[in-house]
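S.K.: My file is work.cif. It has mmCIF, C-alpha atoms:
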data_model
#
loop_
_atom_site.label_atom_id
_atom_site.label_comp_id
_atom_site.auth_asym_id
_atom_site.auth_seq_id
_atom_site.Cartn_x
_atom_site.Cartn_y
_atom_site.Cartn_z
CA MET A 4 18.65 22.99 -17.30
CA SER A 5 17.10 23.97 -13.99
CA ASP A 6 14.43 25.96 -15.84
CA ARG A 7 13.56 23.17 -18.22
CA SER A 8 13.46 20.42 -15.60
CA GLY A 9 11.85 22.28 -12.72
CA VAL A 10 14.75 21.12 -10.52
CA SER A 11 16.43 23.94 -8.57
CA VAL A 12 20.00 25.04 -9.38
CA ALA A 13 21.11 24.03 -5.87
CA THR A 14 19.70 20.51 -6.39
CA VAL A 15 21.37 20.17 -9.80
CA LYS A 16 24.69 21.17 -8.17
CA TYR A 17 24.11 18.60 -5.44
CA TYR A 18 23.54 15.83 -7.99
CA LEU A 19 26.73 16.91 -9.83
CA ARG A 20 28.70 16.88 -6.57
CA GLU A 21 27.42 13.41 -5.66
CA GLY A 22 28.45 12.12 -9.06
CA LEU A 23 24.88 11.19 -10.00
CA LEU A 24 24.89 13.60 -12.92
CA ALA A 25 27.81 13.95 -15.33
CA PRO A 26 29.18 17.48 -15.89
CA GLY A 27 28.07 19.26 -19.07
CA THR A 28 30.35 20.49 -21.82
CA PRO A 29 32.16 23.65 -20.59
CA VAL A 30 31.31 26.75 -22.65
CA THR A 31 32.89 29.43 -20.49
CA ALA A 32 34.61 29.18 -17.08
CA ARG A 33 31.25 29.50 -15.32
CA GLN A 34 28.84 27.93 -17.82
CA SER A 35 28.34 24.45 -19.21
CA GLU A 36 26.09 23.12 -21.91
CA TYR A 37 23.64 20.34 -21.18
CA GLY A 38 21.76 18.31 -23.75
CA GLU A 39 18.61 16.22 -23.86
CA ASP A 40 20.43 13.23 -22.35
CA HIS A 41 21.34 15.30 -19.33
CA LEU A 42 17.79 16.48 -18.91
CA ARG A 43 16.44 12.96 -19.05
CA ARG A 44 19.05 11.78 -16.57
CA LEU A 45 18.20 14.69 -14.28
CA ARG A 46 14.51 13.79 -14.32
CA LEU A 47 15.37 10.16 -13.62
CA ILE A 48 17.60 11.05 -10.65
CA ARG A 49 14.88 13.23 -9.19
CA ALA A 50 12.34 10.41 -9.59
CA LEU A 51 14.66 7.88 -7.90
CA LEU A 52 15.32 10.14 -4.92
CA THR A 53 12.00 11.88 -4.40
CA VAL A 54 9.28 9.57 -5.75
CA GLY A 55 11.29 6.40 -5.10
CA GLY A 56 12.58 7.56 -1.73
CA MET A 57 16.03 6.13 -2.49
CA THR A 58 19.28 7.12 -0.83
CA VAL A 59 21.99 8.65 -3.03
CA GLN A 60 23.88 5.33 -2.84
CA GLN A 61 20.83 3.35 -4.01
CA ALA A 62 20.30 5.79 -6.90
CA ARG A 63 23.97 5.36 -7.80
CA ASP A 64 23.51 1.55 -7.86
CA VAL A 65 20.48 1.89 -10.14
CA LEU A 66 22.37 4.16 -12.55
CA ALA A 67 25.43 1.86 -12.50
CA VAL A 68 23.32 -1.08 -13.69
CA ALA A 69 21.51 1.14 -16.21
CA ASP A 70 24.86 2.19 -17.69
CA ASP A 71 26.44 -1.28 -17.68
CA PRO A 72 26.17 -2.90 -21.14
CA ALA A 73 26.44 -6.36 -19.54
CA PHE A 74 22.89 -6.01 -18.24
CA GLY A 75 19.72 -6.29 -20.29
CA ARG A 76 16.47 -4.39 -19.99
CA HIS A 77 15.07 -6.84 -17.40
CA GLU A 78 17.87 -6.11 -14.93
CA ARG A 79 17.97 -2.39 -15.70
CA LEU A 80 14.34 -1.93 -14.79
CA GLY A 81 14.46 -4.64 -12.13
CA ILE A 82 17.22 -3.02 -10.08
CA ALA A 83 15.13 0.16 -9.89
CA GLN A 84 12.16 -1.79 -8.53
CA TYR A 85 14.39 -3.74 -6.12
CA MET A 86 15.72 -0.50 -4.61
CA LEU A 87 12.25 0.77 -3.72
CA GLY A 88 11.14 0.33 -0.12
CA PRO A 89 9.99 -1.16 2.10
CA ARG A 90 13.16 -3.19 2.69
CA ILE A 91 12.29 -6.25 4.76
CA THR A 92 15.09 -8.34 6.28
CA PRO A 93 14.34 -11.93 7.34
CA PRO A 94 14.88 -12.80 11.01
CA GLN A 95 18.38 -14.06 11.89
CA ASP A 96 19.01 -17.83 11.91
CA ALA A 97 18.94 -17.98 15.73
CA ASP A 98 15.78 -15.85 16.02
CA PRO A 99 12.80 -17.85 17.38
CA ALA A 100 10.70 -16.22 14.62
CA ARG A 101 12.90 -17.81 11.96
CA PRO A 102 11.19 -21.24 11.59
CA LEU A 103 7.80 -19.66 10.81
CA TRP A 104 9.49 -17.31 8.33
CA ASP A 105 11.18 -20.24 6.56
CA GLU A 106 7.95 -22.23 6.47
CA VAL A 107 5.99 -19.33 4.94
CA PHE A 108 8.79 -18.45 2.50
CA THR A 109 8.92 -22.05 1.25
CA GLU A 110 5.15 -22.16 0.81
CA LEU A 111 5.11 -18.87 -1.11
CA ARG A 112 8.11 -19.88 -3.23
CA GLY A 113 6.18 -23.07 -4.06
CA LEU A 114 3.08 -21.08 -4.97
CA LEU A 115 5.05 -18.84 -7.35
CA SER A 116 6.64 -21.89 -9.00
CA GLU A 117 3.23 -23.50 -9.37
CA LEU A 118 1.95 -20.29 -11.01
CA GLY A 119 5.01 -20.30 -13.28
CA TRP A 120 6.11 -16.84 -12.18
CA GLN A 121 9.75 -16.07 -12.98
CA VAL A 122 10.81 -14.34 -9.79
CA CYS A 123 14.19 -14.30 -7.99
CA ASP A 124 14.41 -15.77 -4.49
CA GLU A 125 16.09 -12.49 -3.53
CA ALA A 126 13.23 -10.29 -4.77
CA PRO A 127 12.52 -7.74 -2.01
CA ALA A 128 8.81 -8.09 -2.77
CA LEU A 129 9.03 -11.80 -1.91
CA ALA A 130 10.48 -10.88 1.50
CA ALA A 131 7.73 -8.26 1.91
CA LEU A 132 5.10 -10.85 1.01
CA THR A 133 6.61 -13.36 3.44
CA ARG A 134 6.63 -10.80 6.24
CA ALA A 135 2.98 -9.87 5.59
CA VAL A 136 1.83 -13.50 5.62
CA VAL A 137 3.90 -14.22 8.76
CA THR A 138 2.18 -11.24 10.46
CA LEU A 139 -1.27 -12.49 9.43
CA ARG A 140 -0.62 -15.97 10.81
CA SER A 141 1.11 -14.73 13.99
CA LEU A 142 -2.01 -12.73 14.81
CA GLY A 143 -4.18 -15.79 14.32
CA TYR A 144 -5.69 -14.87 10.95
CA HIS A 145 -5.93 -17.34 8.11
CA GLY A 146 -3.28 -16.27 5.54
CA GLY A 147 -3.29 -19.61 3.73
CA VAL A 148 -1.60 -20.07 0.38
CA ASP A 149 -4.97 -20.72 -1.28
CA HIS A 150 -5.95 -17.18 -0.32
CA ILE A 151 -2.68 -15.68 -1.57
CA ARG A 152 -3.09 -17.56 -4.87
CA ARG A 153 -6.41 -15.83 -5.52
CA TYR A 154 -4.82 -12.42 -4.95
CA ALA A 155 -1.87 -13.33 -7.17
CA LEU A 156 -4.16 -14.35 -10.03
CA ALA A 157 -6.19 -11.15 -9.62
CA MET A 158 -3.09 -8.92 -9.61
CA ARG A 159 -1.43 -10.58 -12.62
CA PRO A 160 -3.55 -8.96 -15.39
CA ILE A 161 -3.33 -5.56 -13.66
CA ALA A 162 0.47 -5.84 -13.58
CA ALA A 163 0.63 -6.95 -17.21
CA GLU A 164 -1.43 -3.97 -18.32
CA GLU A 165 0.74 -1.63 -16.26
CA TYR A 166 3.89 -3.09 -17.68
CA ALA A 167 2.67 -2.38 -21.20
CA VAL A 168 2.79 1.34 -20.34
CA ILE A 169 6.43 0.98 -19.28
CA GLU A 170 7.21 -0.92 -22.49
CA ASP A 171 5.93 2.10 -24.42
CA HIS A 172 9.04 4.02 -23.33
CA PRO A 173 11.78 3.11 -25.79
CA VAL A 174 14.36 5.35 -24.08
CA LEU A 175 15.87 3.46 -21.14
CA GLU A 176 16.03 6.42 -18.73
CA GLU A 177 12.36 7.12 -19.30
CA ALA A 178 11.42 3.47 -18.82
CA ILE A 179 13.29 3.35 -15.49
CA GLU A 180 11.65 6.59 -14.41
CA ALA A 181 8.25 5.17 -15.37
CA THR A 182 8.98 1.96 -13.42
CA VAL A 183 9.73 3.92 -10.26
CA ALA A 184 6.95 6.46 -10.70
CA TYR A 185 4.18 4.00 -11.55
CA THR A 186 5.22 1.43 -8.95
CA MET A 187 5.19 4.00 -6.15
CA LEU A 188 2.47 6.43 -7.20
CA TYR A 189 -0.17 3.86 -8.09
CA GLU A 190 0.18 1.99 -4.79
CA PRO A 191 -2.00 4.43 -2.82
CA ILE A 192 -4.44 4.49 -5.76
CA LEU A 193 -4.87 0.72 -5.70
CA LEU A 194 -5.34 0.67 -1.93
CA ALA A 195 -7.80 3.58 -1.93
CA LEU A 196 -9.88 1.99 -4.70
CA ARG A 197 -9.97 -1.28 -2.75
CA ARG A 198 -11.38 0.51 0.30
CA LEU A 199 -13.91 2.42 -1.82
CA ALA A 200 -14.99 -0.85 -3.43
CA HIS A 201 -15.45 -2.37 0.04
CA GLU A 202 -17.68 0.55 0.97
CA ASP A 203 -19.76 0.04 -2.14
CA VAL A 204 -20.08 -3.73 -1.60
CA SER A 205 -21.10 -3.12 2.01
CA ALA A 206 -23.68 -0.48 1.01
CA ARG A 207 -25.31 -2.92 -1.42
CA LEU A 208 -25.50 -5.72 1.14
CA HIS A 209 -26.57 -3.54 4.07
CA PRO A 210 -28.48 -0.44 2.99
CA PRO A 211 -27.05 2.61 4.81
CA THR A 212 -29.32 4.08 7.49
CA GLY A 213 -28.58 7.56 6.19
CA ARG A 214 -27.03 8.62 9.49
CA PRO A 215 -23.61 9.97 8.57
CA ILE A 216 -20.59 8.02 9.78
CA SER A 217 -18.19 10.86 10.30
CA SER A 218 -14.62 10.28 11.43
CA SER A 219 -13.68 12.64 14.25
CA MET B 16 -8.71 -13.30 30.42
CA SER B 17 -5.13 -12.29 29.78
CA ASP B 18 -4.18 -15.98 29.40
CA ARG B 19 -6.96 -16.75 26.95
CA SER B 20 -6.48 -13.64 24.82
CA GLY B 21 -2.70 -13.38 24.79
CA VAL B 22 -3.07 -9.76 25.89
CA SER B 23 -0.95 -8.88 28.96
CA VAL B 24 -2.59 -8.06 32.32
CA ALA B 25 -1.12 -4.54 32.19
CA THR B 26 -2.70 -3.97 28.78
CA VAL B 27 -6.09 -5.29 29.93
CA LYS B 28 -5.91 -2.89 32.90
CA TYR B 29 -5.04 -0.04 30.53
CA TYR B 30 -8.08 -0.78 28.33
CA LEU B 31 -10.28 -0.88 31.48
CA ARG B 32 -8.86 2.44 32.68
CA GLU B 33 -9.46 4.08 29.29
CA GLY B 34 -13.05 2.87 29.34
CA LEU B 35 -12.59 0.79 26.18
CA LEU B 36 -13.41 -2.42 28.03
CA ALA B 37 -16.29 -2.70 30.52
CA PRO B 38 -15.43 -4.06 33.98
CA GLY B 39 -16.24 -7.72 34.64
CA THR B 40 -18.63 -9.02 37.31
CA PRO B 41 -16.90 -8.72 40.72
CA VAL B 42 -16.31 -12.11 42.38
CA THR B 43 -14.04 -11.04 45.24
CA ALA B 44 -12.56 -7.65 46.08
CA ARG B 45 -9.60 -8.36 43.80
CA GLN B 46 -11.10 -10.65 41.15
CA SER B 47 -13.73 -10.19 38.44
CA GLU B 48 -15.33 -12.62 36.09
CA TYR B 49 -15.18 -12.07 32.36
CA GLY B 50 -17.26 -13.88 29.76
CA GLU B 51 -16.98 -14.61 26.04
CA ASP B 52 -18.31 -11.15 25.16
CA HIS B 53 -15.46 -9.56 27.07
CA LEU B 54 -12.92 -11.72 25.35
CA ARG B 55 -14.27 -10.84 21.91
CA ARG B 56 -14.30 -7.16 22.82
CA LEU B 57 -10.74 -7.42 24.10
CA ARG B 58 -9.55 -8.98 20.84
CA LEU B 59 -11.36 -6.28 18.88
CA ILE B 60 -9.79 -3.45 20.93
CA ARG B 61 -6.35 -4.93 20.41
CA ALA B 62 -6.96 -5.19 16.65
CA LEU B 63 -8.15 -1.56 16.44
CA LEU B 64 -5.12 -0.24 18.32
CA THR B 65 -2.30 -2.47 17.12
CA VAL B 66 -3.27 -3.74 13.65
CA GLY B 67 -5.39 -0.69 12.83
CA GLY B 68 -2.95 1.78 14.37
CA MET B 69 -5.84 3.78 15.88
CA THR B 70 -5.61 6.17 18.80
CA VAL B 71 -7.61 5.35 21.95
CA GLN B 72 -10.09 8.07 20.97
CA GLN B 73 -10.57 6.60 17.48
CA ALA B 74 -11.11 3.14 18.95
CA ARG B 75 -13.66 4.65 21.34
CA ASP B 76 -15.51 6.21 18.38
CA VAL B 77 -15.58 2.87 16.58
CA LEU B 78 -16.96 1.09 19.64
CA ALA B 79 -19.55 3.84 20.24
CA VAL B 80 -20.98 3.33 16.74
CA ALA B 81 -20.79 -0.46 17.15
CA ASP B 82 -22.83 -0.23 20.37
CA ASP B 83 -25.37 2.30 19.09
CA PRO B 84 -28.57 0.54 17.97
CA ALA B 85 -29.40 3.48 15.67
CA PHE B 86 -26.65 2.33 13.30
CA GLY B 87 -26.82 -0.63 10.95
CA ARG B 88 -24.12 -3.05 9.92
CA HIS B 89 -22.92 -0.80 7.07
CA GLU B 90 -22.06 2.04 9.45
CA ARG B 91 -20.69 -0.25 12.15
CA LEU B 92 -18.13 -1.76 9.81
CA GLY B 93 -17.71 1.47 7.85
CA ILE B 94 -16.64 3.56 10.83
CA ALA B 95 -13.87 1.04 11.53
CA GLN B 96 -12.58 1.37 7.97
CA TYR B 97 -12.90 5.17 8.06
CA MET B 98 -10.71 5.35 11.18
CA LEU B 99 -7.82 3.53 9.52
CA GLY B 100 -4.95 5.65 8.22
CA PRO B 101 -3.65 7.31 6.24
CA ARG B 102 -5.75 10.37 7.03
CA ILE B 103 -5.49 12.85 4.16
CA THR B 104 -6.79 16.41 4.63
CA PRO B 105 -7.59 18.49 1.53
CA PRO B 106 -5.68 21.76 1.10
CA GLN B 107 -7.32 24.83 2.68
CA ASP B 108 -9.59 27.01 0.51
CA ALA B 109 -6.90 29.70 0.13
CA ASP B 110 -4.13 27.20 -0.66
CA PRO B 111 -2.86 27.56 -4.28
CA ALA B 112 -3.02 23.74 -4.47
CA ARG B 113 -6.76 23.80 -3.86
CA PRO B 114 -8.05 24.30 -7.44
CA LEU B 115 -6.23 21.20 -8.73
CA TRP B 116 -7.52 19.22 -5.74
CA ASP B 117 -11.10 20.30 -6.46
CA GLU B 118 -10.75 19.51 -10.15
CA VAL B 119 -9.42 15.99 -9.45
CA PHE B 120 -11.97 15.35 -6.69
CA THR B 121 -14.83 16.30 -9.03
CA GLU B 122 -13.49 14.05 -11.78
CA LEU B 123 -13.11 11.10 -9.40
CA ARG B 124 -16.51 11.70 -7.85
CA GLY B 125 -17.91 11.65 -11.39
CA LEU B 126 -16.11 8.41 -12.16
CA LEU B 127 -17.53 6.70 -9.05
CA SER B 128 -21.06 7.87 -9.94
CA GLU B 129 -20.62 6.61 -13.48
CA LEU B 130 -19.51 3.23 -12.06
CA GLY B 131 -22.54 3.26 -9.75
CA TRP B 132 -20.40 2.94 -6.62
CA GLN B 133 -22.23 3.93 -3.43
CA VAL B 134 -19.52 5.87 -1.66
CA CYS B 135 -19.75 8.90 0.67
CA ASP B 136 -18.12 12.16 -0.38
CA GLU B 137 -16.46 12.11 3.06
CA ALA B 138 -14.87 8.67 2.58
CA PRO B 139 -11.23 8.99 3.68
CA ALA B 140 -10.26 6.67 0.83
CA LEU B 141 -11.71 9.18 -1.64
CA ALA B 142 -9.44 11.87 -0.17
CA ALA B 143 -6.51 9.43 -0.34
CA LEU B 144 -7.33 8.68 -3.98
CA THR B 145 -7.61 12.38 -4.78
CA ARG B 146 -4.26 13.11 -3.15
CA ALA B 147 -2.57 10.26 -5.08
CA VAL B 148 -3.94 11.44 -8.43
CA VAL B 149 -3.01 15.07 -7.64
CA THR B 150 0.54 13.89 -6.89
CA LEU B 151 0.72 11.96 -10.16
CA ARG B 152 -0.42 14.95 -12.21
CA SER B 153 1.71 17.47 -10.29
CA LEU B 154 4.79 15.43 -11.19
CA GLY B 155 3.79 15.42 -14.85
CA TYR B 156 2.55 11.83 -15.07
CA HIS B 157 -0.69 10.92 -16.79
CA GLY B 158 -3.14 10.00 -14.01
CA GLY B 159 -6.20 10.37 -16.23
CA VAL B 160 -9.62 9.18 -15.12
CA ASP B 161 -9.62 6.54 -17.89
CA HIS B 162 -6.61 4.98 -16.19
CA ILE B 163 -8.19 5.10 -12.73
CA ARG B 164 -11.36 3.51 -14.12
CA ARG B 165 -9.40 0.45 -15.27
CA TYR B 166 -7.93 0.03 -11.79
CA ALA B 167 -11.34 0.49 -10.18
CA LEU B 168 -12.88 -2.21 -12.37
CA ALA B 169 -9.98 -4.55 -11.62
CA MET B 170 -10.18 -4.00 -7.85
CA ARG B 171 -13.98 -4.40 -7.64
CA PRO B 172 -14.14 -8.24 -7.85
CA ILE B 173 -11.20 -8.57 -5.45
CA ALA B 174 -13.01 -6.37 -2.93
CA ALA B 175 -16.28 -8.27 -3.37
CA GLU B 176 -14.55 -11.58 -2.71
CA GLU B 177 -12.83 -10.15 0.37
CA TYR B 178 -16.05 -8.75 1.68
CA ALA B 179 -17.65 -12.19 1.51
CA VAL B 180 -15.11 -13.32 4.13
CA ILE B 181 -16.20 -10.50 6.43
CA GLU B 182 -19.86 -11.41 5.86
CA ASP B 183 -19.07 -14.88 7.16
CA HIS B 184 -18.68 -13.41 10.65
CA PRO B 185 -22.17 -13.22 12.12
CA VAL B 186 -20.92 -11.75 15.44
CA LEU B 187 -20.51 -8.00 15.02
CA GLU B 188 -17.29 -7.69 17.05
CA GLU B 189 -15.65 -10.35 14.95
CA ALA B 190 -16.82 -8.74 11.70
CA ILE B 191 -15.36 -5.39 12.77
CA GLU B 192 -12.12 -7.06 13.78
CA ALA B 193 -12.00 -8.84 10.41
CA THR B 194 -12.65 -5.55 8.58
CA VAL B 195 -9.69 -3.90 10.29
CA ALA B 196 -7.39 -6.90 10.10
CA TYR B 197 -8.04 -7.76 6.46
CA THR B 198 -8.01 -4.16 5.26
CA MET B 199 -4.63 -3.48 6.86
CA LEU B 200 -2.85 -6.82 6.67
CA TYR B 201 -3.65 -7.59 3.03
CA GLU B 202 -2.45 -4.20 1.79
CA PRO B 203 1.25 -5.17 1.81
CA ILE B 204 0.29 -8.54 0.28
CA LEU B 205 -1.48 -6.89 -2.66
CA LEU B 206 1.42 -4.50 -3.24
CA ALA B 207 4.08 -7.21 -2.99
CA LEU B 208 2.20 -9.47 -5.42
CA ARG B 209 1.90 -6.58 -7.86
CA ARG B 210 5.68 -6.07 -7.82
CA LEU B 211 6.33 -9.81 -8.18
CA ALA B 212 3.93 -9.91 -11.12
CA HIS B 213 5.82 -6.99 -12.71
CA GLU B 214 9.05 -8.95 -12.33
CA ASP B 215 7.49 -11.97 -14.00
CA VAL B 216 6.03 -9.94 -16.88
CA SER B 217 9.41 -8.27 -17.40
CA ALA B 218 11.26 -11.62 -17.35
CA ARG B 219 8.97 -12.98 -20.07
CA LEU B 220 9.40 -9.94 -22.30
CA HIS B 221 13.16 -9.53 -21.74
CA PRO B 222 14.88 -12.80 -20.86
CA PRO B 223 17.14 -12.25 -17.84
CA THR B 224 20.88 -12.29 -18.58
CA GLY B 225 21.45 -14.50 -15.55
CA ARG B 226 23.68 -11.89 -13.91
CA PRO B 227 22.17 -11.38 -10.46
CA ILE B 228 20.64 -8.00 -9.72
CA SER B 229 21.41 -7.74 -6.05
CA SER B 230 20.32 -4.80 -3.97
CA SER B 231 23.15 -3.50 -1.81
#
Just give me the structure of the file as structure tokens.

M.R.:
Amino acid sequence: MSDRSGVSVATVKYYLREGLLAPGTPVTARQSEYGEDHLRRLRLIRALLTVGGMTVQQARDVLAVADDPAFGRHERLGIAQYMLGPRITPPQDADPARPLWDEVFTELRGLLSELGWQVCDEAPALAALTRAVVTLRSLGYHGGVDHIRRYALAMRPIAAEEYAVIEDHPVLEEAIEATVAYTMLYEPILLALRRLAHEDVSARLHPPTGRPISSS
Amino acid sequence: MSDRSGVSVATVKYYLREGLLAPGTPVTARQSEYGEDHLRRLRLIRALLTVGGMTVQQARDVLAVADDPAFGRHERLGIAQYMLGPRITPPQDADPARPLWDEVFTELRGLLSELGWQVCDEAPALAALTRAVVTLRSLGYHGGVDHIRRYALAMRPIAAEEYAVIEDHPVLEEAIEATVAYTMLYEPILLALRRLAHEDVSARLHPPTGRPISSS
């Protein structure tokens, strides 16, 4: 299994010990047989821990929901996304930063309702969004809801197109792996392309002098 | 100046000592006068160091280009963006990872030319993009140029709209500050909105069971 997955024997043993991976069917006292299901599960565990940066406990939570027939596909993929960092916790009730947090959260919640987005109040990405807008405003930058709305509308078709790729995976384990992998690995791609696009827009508006701007 | 900028006296003294901020006009032996230019420069330095996460040396480089009449607006804003992290260095020539890096870099460079984007080969965001695509492919995910092209086309109008906000700042210091602030502070906003949009798309395709998916 190690050969076929590219995961080292020591790592496979670690996953077995942590109860993330079920034991194979014993063949001899020292050998077990593993099937395709095992291989898929192994790849998923590796993606959760390495690409997703999850703790063993978080990976266990993801797998528990994935294996629980009471949950549907929405929750099974959703829990994987929810376990990805960054994990933002709101300020405590008594914290002087709390009123601004609540104000921004309510505004953003209202924006999402207005857009008709079906999103849980507990979505970690909603806390991350709130924190980012609070930071903007605390530093004296605009960060108005009108601005956030424009970004939301621009991101929606990108997300829908991405999600279609995940829908192409009929096998649940593969769909969860794709959710984690694409969510995490395309983030730096999106951000890099945004900066490259800024450079291009700037070059069109203000023709470069030709003197190199090197970064020391 | 500390009162008007919200920057502590100790921090202002530190910037003066590091040569980031020019001394004011002496009034008495212990007091100096500072004008609007100083205040703007102070706000910019704070943005470079705190929001932009730059080192003092990087901030100095940004200010040197900003103050050098040989550079135009493109370079003056560009150097600020180039100094923002993450800083990705390509693998060394002898590194076994180098051929894949070169292959991906060439493909991406070709894509940008095809799109007509005016971007330097040395753009840190191009290295960041290369690294991200190398990671995708190394892990066995698609990461084809066709895929990256779709993202590039989707990000282009967002970037153009953002850049218009920066163009609204006629004063150079303020435009540089806006470049740093908006580049950095909107990144988590974009990423959070993408994840919220995924949740919404998923909820429409696979109606939630209503059982909460809490993250422990």

S.K.: What would the selection look like, as a list of chain:residue names, if the PyMOL selection byres ((chain B) within 6 of (chain A)) were run on the coordinates I just shared?

M.R.: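 Applying the expression gives B:His89, B:Trp132, B:Gln133, B:Val134, B:Ala140, B:Leu144, B:Ala167, B:Met170, B:Arg171, B:Ala174, B:Ile204, B:Ala207, B:Leu208, B:Arg209, B:Ala212, B:His213, B:Asp215, B:Ser217, B:His221, B:Pro223.
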
S.K.: CA of Ser20 (chain B) and CA of Val137 (chain A) are how many Å apart?

M.R.: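 Computing the Euclidean distance for CA of Ser20 (chain B) and CA of Val137 (chain A) yields 19.1 Å.
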
S.K.: Pick the closest to Leu54 (chain B) from B:Val195, B:Leu36, B:Val186, B:Ala81: which is it, counting all atoms listed in the file?

M.R.: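 The answer is B:Leu36, which sits nearest to Leu54 (chain B).
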
S.K.: Evaluating the PyMOL selection byres ((chain A and resi 59) around 12) on the displayed file yields which residues, as a list of chain:residue names?

M.R.: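 Listing what the PyMOL selection byres ((chain A and resi 59) around 12) selects in the shown file: A:Tyr17, A:Tyr18, A:Leu19, A:Arg20, A:Glu21, A:Gly22, A:Leu23, A:Leu24, A:Ile48, A:Arg49, A:Ala50, A:Leu51, A:Leu52, A:Thr53, A:Gly55, A:Gly56, A:Met57, A:Thr58, A:Gln60, A:Gln61, A:Ala62, A:Arg63, A:Asp64, A:Val65, A:Leu66, A:Met86.
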
S.K.: For a test of reading the model, state the distance in Å between CA of Val10 (chain A) and CA of Phe120 (chain B), rounded to one decimal.

M.R.: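 Computing the Euclidean distance for CA of Val10 (chain A) and CA of Phe120 (chain B) yields 27.6 Å.
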
S.K.: State, in Å with one decimal place, the distance from CA of Met16 (chain B) to CA of Tyr49 (chain B).

M.R.: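 CA of Met16 (chain B) sits 6.9 Å away from CA of Tyr49 (chain B).
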
S.K.: Which one of A:Ser141, A:Gly88, A:Ala13, A:Pro29 sits closest to Ala100 (chain A) if you count all atoms listed in the file?

M.R.: A:Ser141

S.K.: Using only C-alpha atoms, pick whichever of B:Asp117, B:Glu188, B:Asp83, B:Asp108 has the shortest atom-to-atom distance to Asp52 (chain B).

M.R.: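 So, comparing all the options, the nearest one is B:Glu188.
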